[in-house]
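Peer 1: Structure supplied as structure-v3.pdb; contents: PDB, C-alpha atoms and all ligand atoms.
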MODEL        1
ATOM      1  CA  MET A   1      22.524 -64.756-269.017  1.00  0.00           C
ATOM      2  CA  THR A   2      20.793 -63.313-272.016  1.00  0.00           C
ATOM      3  CA  GLY A   3      17.247 -64.051-273.139  1.00  0.00           C
ATOM      4  CA  LEU A   4      13.783 -62.647-273.633  1.00  0.00           C
ATOM      5  CA  SER A   5      11.569 -61.389-270.841  1.00  0.00           C
ATOM      6  CA  GLY A   6      10.082 -64.373-269.015  1.00  0.00           C
ATOM      7  CA  ALA A   7      12.556 -66.850-270.501  1.00  0.00           C
ATOM      8  CA  GLY A   8      13.712 -67.838-267.006  1.00  0.00           C
ATOM      9  CA  LYS A   9      16.876 -65.808-266.418  1.00  0.00           C
ATOM     10  CA  SER A  10      16.002 -64.685-262.878  1.00  0.00           C
ATOM     11  CA  THR A  11      14.547 -68.052-261.855  1.00  0.00           C
ATOM     12  CA  ILE A  12      17.621 -69.966-262.986  1.00  0.00           C
ATOM     13  CA  ALA A  13      20.054 -67.363-261.649  1.00  0.00           C
ATOM     14  CA  LEU A  14      18.510 -67.445-258.161  1.00  0.00           C
ATOM     15  CA  ASN A  15      18.427 -71.257-258.128  1.00  0.00           C
ATOM     16  CA  VAL A  16      22.058 -71.396-259.217  1.00  0.00           C
ATOM     17  CA  LYS A  17      22.938 -68.854-256.538  1.00  0.00           C
ATOM     18  CA  ALA A  18      21.333 -71.023-253.825  1.00  0.00           C
ATOM     19  CA  LYS A  19      23.146 -74.163-255.065  1.00  0.00           C
ATOM     20  CA  LEU A  20      26.541 -72.475-255.182  1.00  0.00           C
ATOM     21  CA  ILE A  21      26.119 -70.851-251.776  1.00  0.00           C
ATOM     22  CA  GLU A  22      25.406 -74.358-250.408  1.00  0.00           C
ATOM     23  CA  ARG A  23      28.793 -75.374-251.813  1.00  0.00           C
ATOM     24  CA  GLY A  24      30.520 -72.457-250.138  1.00  0.00           C
ATOM     25  CA  HIS A  25      31.001 -70.150-253.127  1.00  0.00           C
ATOM     26  CA  ALA A  26      30.598 -66.383-253.061  1.00  0.00           C
ATOM     27  CA  ILE A  27      28.088 -65.486-255.774  1.00  0.00           C
ATOM     28  CA  GLU A  28      25.962 -62.478-256.685  1.00  0.00           C
ATOM     29  CA  VAL A  29      23.194 -61.991-259.231  1.00  0.00           C
ATOM     30  CA  LEU A  30      22.805 -58.671-261.030  1.00  0.00           C
ATOM     31  CA  ASP A  31      19.252 -58.684-262.320  1.00  0.00           C
ATOM     32  CA  GLY A  32      18.259 -56.253-265.075  1.00  0.00           C
ATOM     33  CA  ASP A  33      14.930 -55.366-263.531  1.00  0.00           C
ATOM     34  CA  ILE A  34      16.406 -54.624-260.073  1.00  0.00           C
ATOM     35  CA  PHE A  35      19.584 -52.987-261.387  1.00  0.00           C
ATOM     36  CA  ARG A  36      17.525 -50.638-263.549  1.00  0.00           C
ATOM     37  CA  LYS A  37      15.353 -49.501-260.609  1.00  0.00           C
ATOM     38  CA  ASN A  38      18.328 -48.808-258.336  1.00  0.00           C
ATOM     39  CA  LEU A  39      21.288 -47.866-260.495  1.00  0.00           C
ATOM     40  CA  CYS A  40      19.833 -46.986-263.903  1.00  0.00           C
ATOM     41  CA  PRO A  41      16.570 -45.098-263.309  1.00  0.00           C
ATOM     42  CA  ASP A  42      17.795 -42.654-265.948  1.00  0.00           C
ATOM     43  CA  LEU A  43      17.695 -45.318-268.672  1.00  0.00           C
ATOM     44  CA  GLY A  44      14.856 -46.452-270.934  1.00  0.00           C
ATOM     45  CA  PHE A  45      14.705 -49.139-273.604  1.00  0.00           C
ATOM     46  CA  SER A  46      16.244 -47.516-276.696  1.00  0.00           C
ATOM     47  CA  LYS A  47      19.231 -49.370-278.182  1.00  0.00           C
ATOM     48  CA  GLU A  48      21.559 -46.761-276.710  1.00  0.00           C
ATOM     49  CA  HIS A  49      20.059 -47.046-273.220  1.00  0.00           C
ATOM     50  CA  ARG A  50      19.930 -50.862-273.230  1.00  0.00           C
ATOM     51  CA  CYS A  51      23.626 -50.925-274.188  1.00  0.00           C
ATOM     52  CA  GLU A  52      24.500 -48.424-271.458  1.00  0.00           C
ATOM     53  CA  ASN A  53      22.499 -50.460-268.922  1.00  0.00           C
ATOM     54  CA  VAL A  54      24.436 -53.635-269.751  1.00  0.00           C
ATOM     55  CA  ARG A  55      27.779 -51.782-269.777  1.00  0.00           C
ATOM     56  CA  ARG A  56      27.098 -50.575-266.228  1.00  0.00           C
ATOM     57  CA  MET A  57      26.182 -54.099-265.166  1.00  0.00           C
ATOM     58  CA  GLY A  58      29.426 -55.370-266.695  1.00  0.00           C
ATOM     59  CA  PHE A  59      31.438 -52.776-264.796  1.00  0.00           C
ATOM     60  CA  VAL A  60      29.897 -53.701-261.442  1.00  0.00           C
ATOM     61  CA  ALA A  61      30.168 -57.431-262.203  1.00  0.00           C
ATOM     62  CA  ASN A  62      33.854 -57.028-262.932  1.00  0.00           C
ATOM     63  CA  LEU A  63      34.474 -55.219-259.637  1.00  0.00           C
ATOM     64  CA  LEU A  64      32.877 -58.121-257.788  1.00  0.00           C
ATOM     65  CA  ALA A  65      34.664 -60.748-259.882  1.00  0.00           C
ATOM     66  CA  GLN A  66      38.009 -59.145-259.047  1.00  0.00           C
ATOM     67  CA  ASN A  67      37.183 -60.000-255.446  1.00  0.00           C
ATOM     68  CA  LYS A  68      36.562 -63.678-256.254  1.00  0.00           C
ATOM     69  CA  VAL A  69      32.803 -63.383-256.409  1.00  0.00           C
ATOM     70  CA  ILE A  70      31.002 -65.379-259.112  1.00  0.00           C
ATOM     71  CA  VAL A  71      28.640 -62.942-260.826  1.00  0.00           C
ATOM     72  CA  ILE A  72      25.615 -63.714-262.965  1.00  0.00           C
ATOM     73  CA  ILE A  73      24.301 -60.821-265.027  1.00  0.00           C
ATOM     74  CA  SER A  74      20.677 -61.666-265.677  1.00  0.00           C
ATOM     75  CA  ALA A  75      19.496 -59.227-268.325  1.00  0.00           C
ATOM     76  CA  ILE A  76      17.839 -59.336-271.728  1.00  0.00           C
ATOM     77  CA  ASN A  77      21.087 -57.933-273.176  1.00  0.00           C
ATOM     78  CA  PRO A  78      19.708 -58.079-276.726  1.00  0.00           C
ATOM     79  CA  TYR A  79      22.713 -56.879-278.751  1.00  0.00           C
ATOM     80  CA  GLU A  80      25.560 -59.166-279.802  1.00  0.00           C
ATOM     81  CA  GLU A  81      27.912 -56.176-279.934  1.00  0.00           C
ATOM     82  CA  ILE A  82      27.636 -55.608-276.174  1.00  0.00           C
ATOM     83  CA  ARG A  83      27.868 -59.310-275.331  1.00  0.00           C
ATOM     84  CA  GLN A  84      31.104 -59.394-277.334  1.00  0.00           C
ATOM     85  CA  GLU A  85      32.309 -56.220-275.647  1.00  0.00           C
ATOM     86  CA  LEU A  86      31.849 -57.781-272.185  1.00  0.00           C
ATOM     87  CA  ALA A  87      33.524 -60.995-273.358  1.00  0.00           C
ATOM     88  CA  GLU A  88      36.579 -59.081-274.623  1.00  0.00           C
ATOM     89  CA  LYS A  89      36.809 -56.596-271.755  1.00  0.00           C
ATOM     90  CA  TYR A  90      36.022 -58.882-268.828  1.00  0.00           C
ATOM     91  CA  GLN A  91      36.200 -62.455-270.206  1.00  0.00           C
ATOM     92  CA  ALA A  92      32.457 -62.725-269.581  1.00  0.00           C
ATOM     93  CA  LYS A  93      30.719 -65.888-270.813  1.00  0.00           C
ATOM     94  CA  THR A  94      27.353 -65.876-272.547  1.00  0.00           C
ATOM     95  CA  ILE A  95      24.597 -68.228-271.426  1.00  0.00           C
ATOM     96  CA  PHE A  96      21.595 -68.106-273.744  1.00  0.00           C
ATOM     97  CA  VAL A  97      18.335 -68.731-271.887  1.00  0.00           C
ATOM     98  CA  GLU A  98      16.191 -69.699-274.816  1.00  0.00           C
ATOM     99  CA  CYS A  99      12.396 -69.981-274.968  1.00  0.00           C
ATOM    100  CA  ASP A 100       9.991 -69.727-277.912  1.00  0.00           C
ATOM    101  CA  ILE A 101       7.592 -66.791-278.123  1.00  0.00           C
ATOM    102  CA  GLN A 102       4.489 -68.992-277.956  1.00  0.00           C
ATOM    103  CA  THR A 103       5.555 -70.393-274.565  1.00  0.00           C
ATOM    104  CA  LEU A 104       6.484 -66.911-273.336  1.00  0.00           C
ATOM    105  CA  GLN A 105       3.073 -65.587-274.341  1.00  0.00           C
ATOM    106  CA  GLN A 106       1.436 -68.436-272.444  1.00  0.00           C
ATOM    107  CA  ARG A 107       3.570 -67.748-269.327  1.00  0.00           C
ATOM    108  CA  ASP A 108       3.293 -63.952-269.505  1.00  0.00           C
ATOM    109  CA  THR A 109       3.882 -63.709-265.756  1.00  0.00           C
ATOM    110  CA  LYS A 110       4.077 -59.903-265.850  1.00  0.00           C
ATOM    111  CA  GLY A 111       1.382 -59.346-268.514  1.00  0.00           C
ATOM    112  CA  LEU A 112       3.931 -57.590-270.724  1.00  0.00           C
ATOM    113  CA  TYR A 113       3.421 -59.760-273.846  1.00  0.00           C
ATOM    114  CA  LYS A 114      -0.304 -59.027-273.749  1.00  0.00           C
ATOM    115  CA  ARG A 115       0.522 -55.313-273.640  1.00  0.00           C
ATOM    116  CA  ALA A 116       2.996 -55.607-276.526  1.00  0.00           C
ATOM    117  CA  PHE A 117       0.245 -57.099-278.729  1.00  0.00           C
ATOM    118  CA  LEU A 118      -2.319 -54.357-277.980  1.00  0.00           C
ATOM    119  CA  PRO A 119      -3.217 -52.025-280.878  1.00  0.00           C
ATOM    120  CA  LYS A 120      -0.496 -49.406-281.372  1.00  0.00           C
ATOM    121  CA  ASN A 121      -2.782 -46.571-280.319  1.00  0.00           C
ATOM    122  CA  HIS A 122      -3.828 -48.287-277.073  1.00  0.00           C
ATOM    123  CA  PRO A 123      -2.479 -46.368-274.030  1.00  0.00           C
ATOM    124  CA  ASP A 124      -1.105 -49.582-272.418  1.00  0.00           C
ATOM    125  CA  CYS A 125       0.655 -50.826-275.561  1.00  0.00           C
ATOM    126  CA  ILE A 126       4.424 -51.394-275.151  1.00  0.00           C
ATOM    127  CA  HIS A 127       5.956 -50.269-278.445  1.00  0.00           C
ATOM    128  CA  ASN A 128       9.497 -51.510-278.005  1.00  0.00           C
ATOM    129  CA  PHE A 129       9.063 -54.854-276.310  1.00  0.00           C
ATOM    130  CA  THR A 130      12.002 -57.170-276.942  1.00  0.00           C
ATOM    131  CA  GLY A 131      11.241 -60.078-279.249  1.00  0.00           C
ATOM    132  CA  ILE A 132       7.861 -58.684-280.344  1.00  0.00           C
ATOM    133  CA  ASN A 133       8.424 -55.180-281.636  1.00  0.00           C
ATOM    134  CA  ASP A 134      12.063 -54.608-280.683  1.00  0.00           C
ATOM    135  CA  THR A 135      15.330 -56.357-281.519  1.00  0.00           C
ATOM    136  CA  PHE A 136      16.711 -59.479-279.914  1.00  0.00           C
ATOM    137  CA  GLU A 137      19.825 -60.718-281.675  1.00  0.00           C
ATOM    138  CA  ILE A 138      20.166 -64.482-281.177  1.00  0.00           C
ATOM    139  CA  PRO A 139      23.614 -65.112-279.604  1.00  0.00           C
ATOM    140  CA  LYS A 140      25.898 -66.316-282.412  1.00  0.00           C
ATOM    141  CA  ASN A 141      28.110 -68.577-280.381  1.00  0.00           C
ATOM    142  CA  PRO A 142      26.908 -68.820-276.763  1.00  0.00           C
ATOM    143  CA  ASP A 143      29.172 -70.598-274.288  1.00  0.00           C
ATOM    144  CA  LEU A 144      26.081 -72.443-273.031  1.00  0.00           C
ATOM    145  CA  ALA A 145      22.421 -72.563-274.059  1.00  0.00           C
ATOM    146  CA  VAL A 146      19.484 -73.801-272.004  1.00  0.00           C
ATOM    147  CA  ASN A 147      15.961 -74.155-273.374  1.00  0.00           C
ATOM    148  CA  THR A 148      13.340 -73.497-270.720  1.00  0.00           C
ATOM    149  CA  ALA A 149      10.439 -74.541-272.971  1.00  0.00           C
ATOM    150  CA  SER A 150      11.734 -78.108-273.073  1.00  0.00           C
ATOM    151  CA  GLU A 151      13.737 -78.384-269.821  1.00  0.00           C
ATOM    152  CA  SER A 152      12.576 -78.292-266.212  1.00  0.00           C
ATOM    153  CA  ILE A 153      13.865 -75.547-263.898  1.00  0.00           C
ATOM    154  CA  ASP A 154      16.054 -78.158-262.180  1.00  0.00           C
ATOM    155  CA  GLU A 155      17.571 -79.317-265.497  1.00  0.00           C
ATOM    156  CA  SER A 156      18.400 -75.787-266.633  1.00  0.00           C
ATOM    157  CA  THR A 157      19.774 -74.943-263.178  1.00  0.00           C
ATOM    158  CA  SER A 158      22.035 -78.026-263.118  1.00  0.00           C
ATOM    159  CA  LYS A 159      23.438 -77.221-266.550  1.00  0.00           C
ATOM    160  CA  VAL A 160      24.368 -73.704-265.427  1.00  0.00           C
ATOM    161  CA  VAL A 161      25.839 -74.916-262.114  1.00  0.00           C
ATOM    162  CA  ASP A 162      28.008 -77.466-263.985  1.00  0.00           C
ATOM    163  CA  PHE A 163      29.048 -74.851-266.517  1.00  0.00           C
ATOM    164  CA  ILE A 164      30.148 -72.403-263.819  1.00  0.00           C
ATOM    165  CA  LEU A 165      32.026 -75.032-261.835  1.00  0.00           C
ATOM    166  CA  ASN A 166      33.836 -76.248-264.968  1.00  0.00           C
ATOM    167  CA  ASN A 167      34.847 -72.830-266.234  1.00  0.00           C
TER     168      ASN A 167
HETATM  169  N1  LIG B   1      10.204 -52.488-273.752  1.00  0.00           N
HETATM  170  C1  LIG B   1      10.673 -53.431-272.955  1.00  0.00           C
HETATM  171  N2  LIG B   1      11.404 -54.456-273.468  1.00  0.00           N
HETATM  172  C2  LIG B   1      11.883 -55.407-272.625  1.00  0.00           C
HETATM  173  N3  LIG B   1      11.690 -55.434-271.283  1.00  0.00           N
HETATM  174  C3  LIG B   1      10.967 -54.413-270.738  1.00  0.00           C
HETATM  175  C4  LIG B   1      10.437 -53.381-271.549  1.00  0.00           C
HETATM  176  N4  LIG B   1       9.792 -52.510-270.733  1.00  0.00           N
HETATM  177  C5  LIG B   1       9.911 -52.970-269.472  1.00  0.00           C
HETATM  178  N5  LIG B   1      10.615 -54.111-269.465  1.00  0.00           N
HETATM  179  C6  LIG B   1      11.006 -54.819-268.219  1.00  0.00           C
HETATM  180  O1  LIG B   1      12.410 -54.567-268.071  1.00  0.00           O
HETATM  181  C7  LIG B   1      13.130 -55.770-267.889  1.00  0.00           C
HETATM  182  C8  LIG B   1      14.329 -55.865-268.837  1.00  0.00           C
HETATM  183  O2  LIG B   1      15.379 -55.101-268.360  1.00  0.00           O
HETATM  184  P1  LIG B   1      16.876 -55.442-268.785  1.00  0.00           P
HETATM  185  O3  LIG B   1      17.716 -54.476-268.035  1.00  0.00           O
HETATM  186  O4  LIG B   1      17.126 -56.891-268.603  1.00  0.00           O
HETATM  187  O5  LIG B   1      16.847 -55.106-270.351  1.00  0.00           O
HETATM  188  S1  LIG B   1      18.086 -54.757-271.317  1.00  0.00           S
HETATM  189  O6  LIG B   1      19.145 -55.765-271.087  1.00  0.00           O
HETATM  190  O7  LIG B   1      18.559 -53.410-270.990  1.00  0.00           O
HETATM  191  O8  LIG B   1      17.518 -54.837-272.693  1.00  0.00           O
HETATM  192  C9  LIG B   1      12.193 -56.915-268.198  1.00  0.00           C
HETATM  193  O9  LIG B   1      12.400 -57.828-267.136  1.00  0.00           O
HETATM  194  P2  LIG B   1      12.474 -59.394-267.332  1.00  0.00           P
HETATM  195  O10 LIG B   1      11.057 -59.788-267.593  1.00  0.00           O
HETATM  196  O11 LIG B   1      12.980 -59.882-266.013  1.00  0.00           O
HETATM  197  O12 LIG B   1      13.411 -59.734-268.459  1.00  0.00           O
HETATM  198  C10 LIG B   1      10.792 -56.312-268.211  1.00  0.00           C
HETATM  199  O13 LIG B   1      10.116 -56.631-267.031  1.00  0.00           O
HETATM  200  N1  LIG B   2      13.140 -74.492-267.230  1.00  0.00           N
HETATM  201  C1  LIG B   2      12.746 -73.314-266.691  1.00  0.00           C
HETATM  202  N2  LIG B   2      13.676 -72.442-266.264  1.00  0.00           N
HETATM  203  C2  LIG B   2      13.313 -71.252-265.746  1.00  0.00           C
HETATM  204  N3  LIG B   2      12.041 -70.836-265.600  1.00  0.00           N
HETATM  205  C3  LIG B   2      11.051 -71.653-266.009  1.00  0.00           C
HETATM  206  C4  LIG B   2      11.356 -72.922-266.575  1.00  0.00           C
HETATM  207  N4  LIG B   2      10.192 -73.533-266.897  1.00  0.00           N
HETATM  208  C5  LIG B   2       9.216 -72.669-266.523  1.00  0.00           C
HETATM  209  N5  LIG B   2       9.716 -71.534-265.975  1.00  0.00           N
HETATM  210  C6  LIG B   2       8.896 -70.391-265.458  1.00  0.00           C
HETATM  211  O1  LIG B   2       9.095 -69.275-266.333  1.00  0.00           O
HETATM  212  C7  LIG B   2       9.053 -68.040-265.613  1.00  0.00           C
HETATM  213  C8  LIG B   2      10.358 -67.295-265.876  1.00  0.00           C
HETATM  214  O2  LIG B   2      10.322 -66.016-265.266  1.00  0.00           O
HETATM  215  P1  LIG B   2      11.644 -65.191-264.930  1.00  0.00           P
HETATM  216  O3  LIG B   2      12.633 -66.088-264.277  1.00  0.00           O
HETATM  217  O4  LIG B   2      11.219 -63.963-264.188  1.00  0.00           O
HETATM  218  O5  LIG B   2      12.183 -64.827-266.386  1.00  0.00           O
HETATM  219  P2  LIG B   2      13.169 -63.636-266.826  1.00  0.00           P
HETATM  220  O6  LIG B   2      14.050 -63.303-265.655  1.00  0.00           O
HETATM  221  O7  LIG B   2      13.925 -64.214-267.992  1.00  0.00           O
HETATM  222  O8  LIG B   2      12.279 -62.479-267.218  1.00  0.00           O
HETATM  223  C9  LIG B   2       8.879 -68.396-264.145  1.00  0.00           C
HETATM  224  O9  LIG B   2       7.511 -68.260-263.827  1.00  0.00           O
HETATM  225  C10 LIG B   2       9.325 -69.869-264.079  1.00  0.00           C
HETATM  226  O10 LIG B   2       8.675 -70.587-263.049  1.00  0.00           O
ENDMDL
END
Do you think you could lay out the structure here as structure tokens?
Ligand SMILES: Nc1ncnc2c1ncn2[C@@H]1O[C@H](COP(=O)(O)OS(=O)(=O)O)[C@@H](OP(=O)(O)O)[C@H]1O
Ligand SMILES: Nc1ncnc2c1ncn2[C@@H]1O[C@H](COP(=O)(O)OP(=O)(O)O)[C@@H](O)[C@H]1O

Peer 2:
Amino acid sequence: MTGLSGAGKSTIALNVKAKLIERGHAIEVLDGDIFRKNLCPDLGFSKEHRCENVRRMGFVANLLAQNKVIVIISAINPYEEIRQELAEKYQAKTIFVECDIQTLQQRDTKGLYKRAFLPKNHPDCIHNFTGINDTFEIPKNPDLAVNTASESIDESTSKVVDFILNN
């Protein structure tokens, strides 16, 4: 799952996980935020580091998938090049969790959008925040797209559950 911070990746991923566990599937979610803290504390948010972060997630996801575990990588994953790389290397599918910036700014559950809009010289300003002052390449041809500004959590979750079960 690729999408901006606050778009709903973690929420949908965890809901999908619960639904698929109910149906007896083995499933794991690799969440960017958590993965970074535990396995990538050496990485920041430059293009190079974001790509390396997602490559590591892809590697771990593939190990699990080889053991019949369904894996959702829930990360911003802003570069098309890396999404393509994971698709070619591991047959990964791309689900675009879409949400407009205005809605994200209103949600701002972590206060990060507010920080990204602070004056550049403010000590709390985030200078490379995805979608505001850093790149997010819109997925060219996602295998599935959900729009969390117009859909409920249940609607987006159902779409992803159906997609996984049918692929
Ligand atoms: N500069 C900047 N840009 C974007 N996001 C930032 C930044 N700094 C910290 N954060 C927090 O890090 C989370 C994104 O980590 P990811 O591993 O998903 O990012 S990436 O795929 O490597 O681009 C992201 O988590 P989510 O909100 O869950 O997406 C943020 O909480
Ligand atoms: N259709 C939806 N799908 C997912 N989240 C939604 C939706 N509508 C509203 N939200 C809210 O948006 C926020 C998304 O946060 P989160 O899942 O942490 O995003 P991300 O993992 O992409 O950073 C949550 O507070 C969630 O309740």

Peer 1: Between CA of Val69 (chain A) and CA of Gly3 (chain A), what is the distance in Å, rounded to a tenth?

Peer 2: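 These atoms are spaced 22.9 Å apart.
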
Peer 1: Write out as a PDB file with C-alpha atoms, in the frame of the given file each polymer residue (protein, DNA or RNA) that has an atom no more than 6 Å from ligand LIG 1 (chain B), with only C-alpha atoms and all ligand atoms counted.

Peer 2:
ATOM      1  CA  LEU A   4      13.783 -62.647-273.633  1.00  0.00           C
ATOM      2  CA  SER A   5      11.569 -61.389-270.841  1.00  0.00           C
ATOM      3  CA  GLY A   6      10.082 -64.373-269.015  1.00  0.00           C
ATOM      4  CA  GLY A  32      18.259 -56.253-265.075  1.00  0.00           C
ATOM      5  CA  ASP A  33      14.930 -55.366-263.531  1.00  0.00           C
ATOM      6  CA  ARG A  36      17.525 -50.638-263.549  1.00  0.00           C
ATOM      7  CA  PHE A  45      14.705 -49.139-273.604  1.00  0.00           C
ATOM      8  CA  ARG A  50      19.930 -50.862-273.230  1.00  0.00           C
ATOM      9  CA  ASN A  53      22.499 -50.460-268.922  1.00  0.00           C
ATOM     10  CA  VAL A  54      24.436 -53.635-269.751  1.00  0.00           C
ATOM     11  CA  ALA A  75      19.496 -59.227-268.325  1.00  0.00           C
ATOM     12  CA  ILE A  76      17.839 -59.336-271.728  1.00  0.00           C
ATOM     13  CA  ASN A  77      21.087 -57.933-273.176  1.00  0.00           C
ATOM     14  CA  PRO A  78      19.708 -58.079-276.726  1.00  0.00           C
ATOM     15  CA  ASN A 128       9.497 -51.510-278.005  1.00  0.00           C
ATOM     16  CA  PHE A 129       9.063 -54.854-276.310  1.00  0.00           C
ATOM     17  CA  THR A 130      12.002 -57.170-276.942  1.00  0.00           C
TER      18      THR A 130
END

Peer 1: I'd like the contact shell of Arg107 (chain A) - 12 Å cut-off, all atoms listed in the file, skipping same-chain residues fewer than 3 positions apart - returned as a VMD selection string.

Peer 2: chain A and resid 5 to 8 99 to 104 110 to 114 148 to 149

Peer 1: Emit the selected residues as a CSV table (one decimal), in the coordinates of the input, including C-alpha atoms.

Peer 2:
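Just written: out_21.csv:
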chain,number,residue,atom,x,y,z
A,5,SER,CA,11.6,-61.4,-270.8
A,6,GLY,CA,10.1,-64.4,-269.0
A,7,ALA,CA,12.6,-66.8,-270.5
A,8,GLY,CA,13.7,-67.8,-267.0
A,99,CYS,CA,12.4,-70.0,-275.0
A,100,ASP,CA,10.0,-69.7,-277.9
A,101,ILE,CA,7.6,-66.8,-278.1
A,102,GLN,CA,4.5,-69.0,-278.0
A,103,THR,CA,5.6,-70.4,-274.6
A,104,LEU,CA,6.5,-66.9,-273.3
A,110,LYS,CA,4.1,-59.9,-265.8
A,111,GLY,CA,1.4,-59.3,-268.5
A,112,LEU,CA,3.9,-57.6,-270.7
A,113,TYR,CA,3.4,-59.8,-273.8
A,114,LYS,CA,-0.3,-59.0,-273.7
A,148,THR,CA,13.3,-73.5,-270.7
A,149,ALA,CA,10.4,-74.5,-273.0

Peer 1: Edge lengths and centre in Å to one decimal, as AutoDock Vina command-line options, of the axis-aligned box that encloses all listed atoms of region 34-48 of chain A with 6 Å added on every side?

Peer 2:
--center_x 18.1 --center_y -48.6 --center_z -268.3 --size_x 18.9 --size_y 24.0 --size_z 31.8

Peer 1: Could you pull the residues within 12 Å of Ile34 (chain A), counting only C-alpha atoms, minus those fewer than 2 positions along the same chain, as number ranges by chain?

Peer 2: A: 10, 29-32, 36-41, 53, 57, 73-75

Peer 1: Just the number, please: distance in Å from CA of Thr135 (chain A) to CA of Ile95 (chain A), one decimal.

Peer 2: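 Calculated distance between CA of Thr135 (chain A) and CA of Ile95 (chain A) is 18.1 Å.
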
Peer 1: Would you mind listing what lies within 12 Å of Glu151 (chain A) as a ChimeraX atom specification, with only C-alpha atoms counted and same-chain residues fewer than 4 positions away left out?

Peer 2: /A:7-8,12,97-99,145-147,155-159

Peer 1: Kindly indicate which residue among A:Tyr90, A:Phe117, A:Glu52, A:Gln105 lies nearest to ligand LIG 2 (chain B), using only C-alpha atoms and all ligand atoms for the distances.

Peer 2: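 Of all the options, A:Gln105 lies closest to ligand LIG 2 (chain B).
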
Peer 1: When the PyMOL selection byres (((chain A and resi 25) around 12) and not hetatm) is applied to the structure above, which residues does it catch, written out as number ranges by chain?

Peer 2: A: 16-24, 26-28, 68-71, 161, 164-165

Peer 1: Considering all atoms listed in the file, can you say which of A:His127, A:Arg83, A:Ile153, A:Glu48 comes closest to Lys9 (chain A)?

Peer 2: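 Under the stated criterion, the closest residue is A:Ile153.
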
Peer 1: Rank A:Asn166, A:Ile126, A:Asp42, A:Phe96 by their smallest atom-to-atom distance to ligand LIG 2 (chain B), using only C-alpha atoms and all ligand atoms, and report the top residue only.

Peer 2: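 When distances to ligand LIG 2 (chain B) are compared using only C-alpha atoms and all ligand atoms, the smallest one comes from A:Phe96.
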
Peer 1: Using only C-alpha atoms and all ligand atoms, which of A:Ala87, A:Val160, A:Ala116, A:Leu43 sits nearest ligand LIG 2 (chain B)?

Peer 2: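 Among the listed residues, A:Val160 lies closest to ligand LIG 2 (chain B).
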
Peer 1: Separation of CA of Arg55 (chain A) and atom O10 of ligand LIG 2 (chain B), in Å?

Peer 2: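 So the two atoms, CA of Arg55 (chain A) and atom O10 of ligand LIG 2 (chain B), lie 27.6 Å apart.
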
Peer 1: Export C-alpha atoms of region 88-126 of chain A from the structure just given, as a PDB file, in the first residue's frame?

Peer 2:
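Full text of decode-v9.pdb as output:
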ATOM      1  CA  GLU A  88       9.307  -7.267 -11.034  1.00  0.00           C
ATOM      2  CA  LYS A  89      11.387  -8.911  -8.310  1.00  0.00           C
ATOM      3  CA  TYR A  90       8.624 -10.263  -6.085  1.00  0.00           C
ATOM      4  CA  GLN A  91       5.388  -9.942  -8.116  1.00  0.00           C
ATOM      5  CA  ALA A  92       4.222  -7.364  -5.573  1.00  0.00           C
ATOM      6  CA  LYS A  93       0.942  -5.564  -6.310  1.00  0.00           C
ATOM      7  CA  THR A  94       0.438  -1.849  -5.781  1.00  0.00           C
ATOM      8  CA  ILE A  95      -2.587  -0.562  -3.892  1.00  0.00           C
ATOM      9  CA  PHE A  96      -2.830   3.223  -4.005  1.00  0.00           C
ATOM     10  CA  VAL A  97      -4.392   4.646  -0.842  1.00  0.00           C
ATOM     11  CA  GLU A  98      -5.419   8.003  -2.179  1.00  0.00           C
ATOM     12  CA  CYS A  99      -6.507  11.086  -0.225  1.00  0.00           C
ATOM     13  CA  ASP A 100      -6.408  14.784  -1.139  1.00  0.00           C
ATOM     14  CA  ILE A 101      -4.070  17.115   0.737  1.00  0.00           C
ATOM     15  CA  GLN A 102      -6.903  19.263   2.102  1.00  0.00           C
ATOM     16  CA  THR A 103      -8.463  16.248   3.856  1.00  0.00           C
ATOM     17  CA  LEU A 104      -5.052  15.126   5.123  1.00  0.00           C
ATOM     18  CA  GLN A 105      -4.391  18.575   6.563  1.00  0.00           C
ATOM     19  CA  GLN A 106      -7.753  18.457   8.318  1.00  0.00           C
ATOM     20  CA  ARG A 107      -7.023  14.968   9.744  1.00  0.00           C
ATOM     21  CA  ASP A 108      -3.391  15.678  10.650  1.00  0.00           C
ATOM     22  CA  THR A 109      -3.514  12.995  13.343  1.00  0.00           C
ATOM     23  CA  LYS A 110       0.221  13.280  14.053  1.00  0.00           C
ATOM     24  CA  GLY A 111       0.513  17.071  13.594  1.00  0.00           C
ATOM     25  CA  LEU A 112       3.059  16.540  10.819  1.00  0.00           C
ATOM     26  CA  TYR A 113       1.254  18.590   8.126  1.00  0.00           C
ATOM     27  CA  LYS A 114       1.131  21.571  10.476  1.00  0.00           C
ATOM     28  CA  ARG A 115       4.889  21.223  10.969  1.00  0.00           C
ATOM     29  CA  ALA A 116       5.525  20.947   7.219  1.00  0.00           C
ATOM     30  CA  PHE A 117       3.763  24.302   6.676  1.00  0.00           C
ATOM     31  CA  LEU A 118       5.752  26.171   9.360  1.00  0.00           C
ATOM     32  CA  PRO A 119       8.186  28.851   8.120  1.00  0.00           C
ATOM     33  CA  LYS A 120      11.381  27.245   6.809  1.00  0.00           C
ATOM     34  CA  ASN A 121      13.482  28.722   9.598  1.00  0.00           C
ATOM     35  CA  HIS A 122      11.171  27.443  12.354  1.00  0.00           C
ATOM     36  CA  PRO A 123      12.927  24.746  14.453  1.00  0.00           C
ATOM     37  CA  ASP A 124       9.913  22.366  14.199  1.00  0.00           C
ATOM     38  CA  CYS A 125       9.506  22.717  10.426  1.00  0.00           C
ATOM     39  CA  ILE A 126       9.733  19.415   8.491  1.00  0.00           C
TER      40      ILE A 126
END
